[in-house]
Amino acid sequence: MRLVTRTALPHPFRLPPEDRVLSPYTGWTRAHWEAVADGLLAAVAPHATPGGALYHLPGDRHSHSGVRSDGLEGYARTFLLAAIRVAGAGGDDPSGLLQRYADGLAVGTARPGGDGPEDWPVVADRTQPLVEAASIAIGLRLTRPWLWDRLDEPVRERAAAWLSRAAAARAWPNNWEMFPATVGGFLGDRAAVARGLERIERWYVGDGWYTDGDLRAFDHYNGWALHLYPVLEAWFSGDADLMDRYGERLRTHLAGVSRLFGADGAPVHQGRSLTYRVAAAAPLWLGALTGRTPLSPGTTRRLASGALRHFLDRGAAGPDGLLSLGWHGPFAGVLQDYSGPASPYWASKGFLGLLLPPGHRVWTAPEEPAPAERGDAVTALPAPNWLIQSTAADGVVRLHNHGSEDTRYAPHYTRLAYSTATAPLTGDAPPDNHFGLLDADGGVTARTGLTPLGAGRGWAASRSRAGDRARIVSLVLARGAAEIRVHLVDGAPPGTPVRQSGWPAGEGLRSELLPLHGLSAAPDLPPVPTACAGRAVTPVLVGETTGRHGGDLFVCAARLTGAAEPGPLRALAEAEVAEAPAGRRELTVTWADGATHRVRLTPAAVVVESSFPEGR
């Protein structure tokens, strides 16, 4: 197996020796997680204000919420990590972590909304302190006997009053609805809990997947928020009915999301808030913590440890031990206007596994291979309308996106495909993994108005808008590392140029596009840095519409691979476009192993009939 790897970058954390008997894939054990948690907490300590109420991490970037809110974020998110660390040790706290945060709680709530240097901001409707209140509430709930119950009564009263505003605050209509509910759970406000759970229910689409609000926005917020908060509430409260409902949803979710980690540990690079990094491992640990998981203990730890090691080995923590704003190292292209210097510490959620005792099977069972390491697989996830394609030779996982859209964060939601080894082009760069129409100035239309058209064995399809008039039906067929990308353009004037771009590949990867129908080769996009590569090269094909009744058909083969000798792409599949009645296009794809897909496309629908060799 040839994995897409790189030399590990140095970090300041003192780690124990690897254990390749217990952990043959990552070498990491519970002791490594403890050492990293301790290192992260030690690194932020010098940046606390004198009373410990705010943590002002260095850097010249601040979120749109302002410096004081960013300081509260630093307190809340690192407190969550400290709480997990101490609770997982049964209250043992030789470093005095809880006293540090108890002091900060007392100081910050002494005069909330005041202009003193450590006064916490008041929690108001739809403001960032509401987010941070949820982390504080979980931390207090985890450490109740060692922190909350030992506070002086006036401090408890002030803190409860500050949190009560969060339980009653209006949230943005997305995963934020669980922040008041989470605070309410700590305060014993069952109405706040019920209200939050009711509000996210309309976004549950089945098969373990939520949209993050009314948009079709599927991303890592499913695992680190929309599943996390309801299941934690059920776990904290001991509510069996809640656990049956939300725990079983988590179990179903994990069957699919476990396929979104590459063999090098990377989670798929898709969606917003990617600077939270190892928070993607939170639902894995949550399943083990509650017993609501389809994954074996060895697979759970292999995936989670792989993710943590992936980021640390690639510079997520600098020489000072602080998590940077970025993906591997610092990278502005993954940030949003709400990203502040302490935002990366939502990674604390990824340390939930430390709540499981050292003798739990998740820590004592030998690591088992990740799904991406067990053989090539192409898996449809119909709820988000994704097709997941993984290859064991290089450990790369590819997500073909025909169901998630949030144009506010376009590079991370609207591309045709994402992977564990690449990151989308951001800023002013032309879009990668995109098919669109070109205007006179060379600009390309955006992919908007996404409508899923289905996902099945080896395929996924969608319809989208391209400009004011044109509509594009897009289909991907996948087998092994190869893809066939099909686009039917309707409503574009004759002679309109089109452009298909491919994977933005960095060192150790090969990205290919092969024209099969209606397209021809064109120069690559200019190399640019991405969150995954210092220099990513993106291939391009071009074509032109004819105005044919029923739409113009464009077909190409594509491949992203890190295999040493992948063989020619042309040998992996053949595509034959057949004459069809007006208003319809037909295509047959025959793969090298004898599998076939017969496709009928109209401007409104796609029908795919598949045939596979026995046992394959």
# chains A, B, ... in the order shown; residues from 1 in each chain; ligands from 1
call {"tool": "residues_around", "arguments": {"residues": "Arg548 in chain A", "least_positions_apart": "4", "cutoff": "9 Å", "atoms": "only C-alpha atoms", "output": "ChimeraX atom specification"}}
result
/A:490,494,552,583
call {"tool": "write_last_selection", "arguments": {"atoms": "all heavy atoms", "output": "compact mmCIF listing (two decimals), in the first residue's frame"}}
result
# COMPACT_ATOMS: atom_id res chain seq x y z
N ASP A 490 -28.66 22.51 -20.76
CA ASP A 490 -29.88 22.91 -21.45
C ASP A 490 -30.12 24.40 -21.21
O ASP A 490 -29.96 24.88 -20.09
CB ASP A 490 -31.06 22.10 -20.93
CG ASP A 490 -32.34 22.40 -21.68
OD1 ASP A 490 -32.35 22.25 -22.91
OD2 ASP A 490 -33.32 22.80 -21.02
N PRO A 494 -26.33 28.66 -28.36
CA PRO A 494 -25.31 27.95 -29.14
C PRO A 494 -24.00 28.73 -29.14
O PRO A 494 -23.98 29.96 -29.16
CB PRO A 494 -25.92 27.90 -30.55
CG PRO A 494 -27.39 28.03 -30.33
CD PRO A 494 -27.56 28.91 -29.14
N ASP A 552 -26.98 19.73 -24.59
CA ASP A 552 -25.66 19.32 -25.07
C ASP A 552 -24.99 18.45 -24.03
O ASP A 552 -24.98 18.79 -22.83
CB ASP A 552 -24.79 20.56 -25.33
CG ASP A 552 -25.24 21.31 -26.57
OD1 ASP A 552 -25.14 20.75 -27.67
OD2 ASP A 552 -25.70 22.46 -26.42
N GLY A 583 -34.91 15.14 -27.09
CA GLY A 583 -35.17 15.47 -25.70
C GLY A 583 -34.53 14.53 -24.71
O GLY A 583 -34.70 14.69 -23.50
call {"tool": "closest_residue", "arguments": {"among": "A:Phe13, A:Trp386, A:Phe311, A:Tyr101", "to": "Gly326 in chain A", "atoms": "only C-alpha atoms"}}
result
A:Phe311
call {"tool": "select_by_dssp", "arguments": {"residues": "range 280-489 of chain A", "states": "strand (DSSP E or B)", "output": "ChimeraX atom specification"}}
result
/A:317,323,326,330,377-381,386-390,397-401,417-419,435-438,444,448-456,459-466,470-479,482-489
call {"tool": "residues_around", "arguments": {"residues": "Ala531 in chain A", "least_positions_apart": "2", "cutoff": "12 Å", "atoms": "only C-alpha atoms", "output": "NGL selection string"}}
result
:A and (269-270 or 274-275 or 277 or 311 or 314-316 or 325-335 or 412 or 420-427 or 504-506 or 528-529 or 533-536)
call {"tool": "write_last_selection", "arguments": {"atoms": "C-alpha atoms", "output": "PDB file, in the first residue's frame"}}
result
ATOM      1  CA  HIS A 269     -11.933  18.449   3.475  1.00  0.00           C
ATOM      2  CA  GLN A 270     -15.469  19.751   2.965  1.00  0.00           C
ATOM      3  CA  LEU A 274     -12.544  23.286   8.984  1.00  0.00           C
ATOM      4  CA  THR A 275     -10.094  24.891  11.383  1.00  0.00           C
ATOM      5  CA  ARG A 277      -9.814  19.884  12.616  1.00  0.00           C
ATOM      6  CA  PHE A 311      -2.950  17.201  12.023  1.00  0.00           C
ATOM      7  CA  ARG A 314       1.414  18.405   9.537  1.00  0.00           C
ATOM      8  CA  GLY A 315       1.883  21.486  11.671  1.00  0.00           C
ATOM      9  CA  ALA A 316      -1.541  22.190  13.172  1.00  0.00           C
ATOM     10  CA  LEU A 325      -6.039  29.134  12.174  1.00  0.00           C
ATOM     11  CA  GLY A 326      -5.937  26.807   9.212  1.00  0.00           C
ATOM     12  CA  TRP A 327      -5.985  23.130   8.263  1.00  0.00           C
ATOM     13  CA  HIS A 328      -2.490  21.688   8.429  1.00  0.00           C
ATOM     14  CA  GLY A 329      -0.662  24.879   9.266  1.00  0.00           C
ATOM     15  CA  PRO A 330      -2.025  28.422   9.012  1.00  0.00           C
ATOM     16  CA  PHE A 331      -4.245  28.942   5.953  1.00  0.00           C
ATOM     17  CA  ALA A 332      -6.705  31.807   5.608  1.00  0.00           C
ATOM     18  CA  GLY A 333      -8.719  30.099   2.880  1.00  0.00           C
ATOM     19  CA  VAL A 334     -10.499  27.819   5.368  1.00  0.00           C
ATOM     20  CA  LEU A 335     -11.590  30.656   7.670  1.00  0.00           C
ATOM     21  CA  HIS A 412     -16.419  24.326   0.602  1.00  0.00           C
ATOM     22  CA  THR A 420      -9.111  13.690   2.187  1.00  0.00           C
ATOM     23  CA  ALA A 421      -5.942  14.542   0.229  1.00  0.00           C
ATOM     24  CA  THR A 422      -6.926  17.790  -1.536  1.00  0.00           C
ATOM     25  CA  ALA A 423      -8.504  21.112  -0.651  1.00  0.00           C
ATOM     26  CA  PRO A 424     -10.516  23.406  -2.931  1.00  0.00           C
ATOM     27  CA  LEU A 425      -8.997  26.452  -4.554  1.00  0.00           C
ATOM     28  CA  THR A 426     -10.012  29.557  -2.632  1.00  0.00           C
ATOM     29  CA  GLY A 427      -9.787  33.323  -2.979  1.00  0.00           C
ATOM     30  CA  PRO A 504      -6.298  20.334  -7.417  1.00  0.00           C
ATOM     31  CA  ALA A 505      -3.414  17.936  -6.795  1.00  0.00           C
ATOM     32  CA  GLY A 506      -0.261  18.648  -4.848  1.00  0.00           C
ATOM     33  CA  VAL A 528      -1.741  27.932  -6.403  1.00  0.00           C
ATOM     34  CA  PRO A 529      -1.375  26.952  -2.748  1.00  0.00           C
ATOM     35  CA  ALA A 533      -0.565  21.669  -0.784  1.00  0.00           C
ATOM     36  CA  GLY A 534       1.963  24.405  -1.327  1.00  0.00           C
ATOM     37  CA  ARG A 535       1.431  24.132  -5.065  1.00  0.00           C
ATOM     38  CA  ALA A 536      -1.687  22.484  -6.475  1.00  0.00           C
TER      39      ALA A 536
END
call {"tool": "decode", "arguments": {"residues": "range 410-485 of chain A", "atoms": "C-alpha atoms", "output": "PDB file, in the first residue's frame"}}
result
ATOM      1  CA  ALA A 410     -19.088  28.290  -1.926  1.00  0.00           C
ATOM      2  CA  PRO A 411     -15.637  26.704  -2.243  1.00  0.00           C
ATOM      3  CA  HIS A 412     -16.419  24.326   0.602  1.00  0.00           C
ATOM      4  CA  TYR A 413     -19.955  23.282  -0.425  1.00  0.00           C
ATOM      5  CA  THR A 414     -20.621  23.739  -4.138  1.00  0.00           C
ATOM      6  CA  ARG A 415     -17.772  21.827  -5.772  1.00  0.00           C
ATOM      7  CA  LEU A 416     -18.511  18.574  -7.557  1.00  0.00           C
ATOM      8  CA  ALA A 417     -16.030  16.706  -5.378  1.00  0.00           C
ATOM      9  CA  TYR A 418     -13.858  16.886  -2.262  1.00  0.00           C
ATOM     10  CA  SER A 419     -11.301  14.514  -0.795  1.00  0.00           C
ATOM     11  CA  THR A 420      -9.111  13.690   2.187  1.00  0.00           C
ATOM     12  CA  ALA A 421      -5.942  14.542   0.229  1.00  0.00           C
ATOM     13  CA  THR A 422      -6.926  17.790  -1.536  1.00  0.00           C
ATOM     14  CA  ALA A 423      -8.504  21.112  -0.651  1.00  0.00           C
ATOM     15  CA  PRO A 424     -10.516  23.406  -2.931  1.00  0.00           C
ATOM     16  CA  LEU A 425      -8.997  26.452  -4.554  1.00  0.00           C
ATOM     17  CA  THR A 426     -10.012  29.557  -2.632  1.00  0.00           C
ATOM     18  CA  GLY A 427      -9.787  33.323  -2.979  1.00  0.00           C
ATOM     19  CA  ASP A 428      -9.664  34.620  -6.547  1.00  0.00           C
ATOM     20  CA  ALA A 429      -8.599  31.322  -8.099  1.00  0.00           C
ATOM     21  CA  PRO A 430     -10.959  29.730 -10.651  1.00  0.00           C
ATOM     22  CA  PRO A 431     -12.960  26.860  -9.167  1.00  0.00           C
ATOM     23  CA  ASP A 432     -11.614  23.329  -9.162  1.00  0.00           C
ATOM     24  CA  ASN A 433     -13.861  20.263  -9.569  1.00  0.00           C
ATOM     25  CA  HIS A 434     -16.393  22.411 -11.353  1.00  0.00           C
ATOM     26  CA  PHE A 435     -18.361  22.460 -14.591  1.00  0.00           C
ATOM     27  CA  GLY A 436     -19.732  25.773 -15.776  1.00  0.00           C
ATOM     28  CA  LEU A 437     -20.304  28.178 -18.639  1.00  0.00           C
ATOM     29  CA  LEU A 438     -17.718  30.805 -19.530  1.00  0.00           C
ATOM     30  CA  ASP A 439     -18.510  34.465 -20.193  1.00  0.00           C
ATOM     31  CA  ALA A 440     -16.705  36.844 -22.523  1.00  0.00           C
ATOM     32  CA  ASP A 441     -14.223  37.782 -19.812  1.00  0.00           C
ATOM     33  CA  GLY A 442     -13.358  34.183 -18.992  1.00  0.00           C
ATOM     34  CA  GLY A 443     -15.403  34.039 -15.795  1.00  0.00           C
ATOM     35  CA  VAL A 444     -17.269  30.822 -15.050  1.00  0.00           C
ATOM     36  CA  THR A 445     -20.833  30.461 -13.812  1.00  0.00           C
ATOM     37  CA  ALA A 446     -21.414  29.296 -10.263  1.00  0.00           C
ATOM     38  CA  ARG A 447     -23.160  26.054  -9.358  1.00  0.00           C
ATOM     39  CA  THR A 448     -26.364  27.158  -7.627  1.00  0.00           C
ATOM     40  CA  GLY A 449     -29.890  25.913  -7.017  1.00  0.00           C
ATOM     41  CA  LEU A 450     -28.673  22.370  -6.431  1.00  0.00           C
ATOM     42  CA  THR A 451     -31.378  19.700  -6.695  1.00  0.00           C
ATOM     43  CA  PRO A 452     -30.457  16.085  -5.896  1.00  0.00           C
ATOM     44  CA  LEU A 453     -31.451  13.553  -8.534  1.00  0.00           C
ATOM     45  CA  GLY A 454     -30.463  10.452  -6.632  1.00  0.00           C
ATOM     46  CA  ALA A 455     -27.520   8.310  -5.612  1.00  0.00           C
ATOM     47  CA  GLY A 456     -27.114   4.584  -6.086  1.00  0.00           C
ATOM     48  CA  ARG A 457     -24.549   1.868  -6.557  1.00  0.00           C
ATOM     49  CA  GLY A 458     -21.621   3.595  -8.202  1.00  0.00           C
ATOM     50  CA  TRP A 459     -23.381   6.836  -9.129  1.00  0.00           C
ATOM     51  CA  ALA A 460     -24.833  10.141  -7.954  1.00  0.00           C
ATOM     52  CA  ALA A 461     -26.562  12.938  -9.856  1.00  0.00           C
ATOM     53  CA  SER A 462     -27.943  16.435  -9.431  1.00  0.00           C
ATOM     54  CA  ARG A 463     -29.378  19.381 -11.325  1.00  0.00           C
ATOM     55  CA  SER A 464     -28.188  22.974 -10.894  1.00  0.00           C
ATOM     56  CA  ARG A 465     -28.434  26.450 -12.367  1.00  0.00           C
ATOM     57  CA  ALA A 466     -25.667  28.065 -14.402  1.00  0.00           C
ATOM     58  CA  GLY A 467     -26.411  31.740 -14.814  1.00  0.00           C
ATOM     59  CA  ASP A 468     -29.878  33.082 -15.508  1.00  0.00           C
ATOM     60  CA  ARG A 469     -31.117  30.623 -18.112  1.00  0.00           C
ATOM     61  CA  ALA A 470     -29.022  27.494 -18.334  1.00  0.00           C
ATOM     62  CA  ARG A 471     -29.584  24.336 -16.344  1.00  0.00           C
ATOM     63  CA  ILE A 472     -27.049  21.548 -15.938  1.00  0.00           C
ATOM     64  CA  VAL A 473     -27.749  17.929 -15.075  1.00  0.00           C
ATOM     65  CA  SER A 474     -24.565  16.407 -13.660  1.00  0.00           C
ATOM     66  CA  LEU A 475     -23.769  12.753 -13.043  1.00  0.00           C
ATOM     67  CA  VAL A 476     -20.720  10.957 -11.690  1.00  0.00           C
ATOM     68  CA  LEU A 477     -20.001   7.265 -12.141  1.00  0.00           C
ATOM     69  CA  ALA A 478     -17.148   5.796 -10.099  1.00  0.00           C
ATOM     70  CA  ARG A 479     -15.228   2.537  -9.943  1.00  0.00           C
ATOM     71  CA  GLY A 480     -11.835   1.995  -8.358  1.00  0.00           C
ATOM     72  CA  ALA A 481     -10.007   5.318  -8.594  1.00  0.00           C
ATOM     73  CA  ALA A 482     -11.646   6.287 -11.883  1.00  0.00           C
ATOM     74  CA  GLU A 483     -14.624   8.559 -12.446  1.00  0.00           C
ATOM     75  CA  ILE A 484     -16.812   9.345 -15.418  1.00  0.00           C
ATOM     76  CA  ARG A 485     -18.236  12.862 -15.197  1.00  0.00           C
TER      77      ARG A 485
END
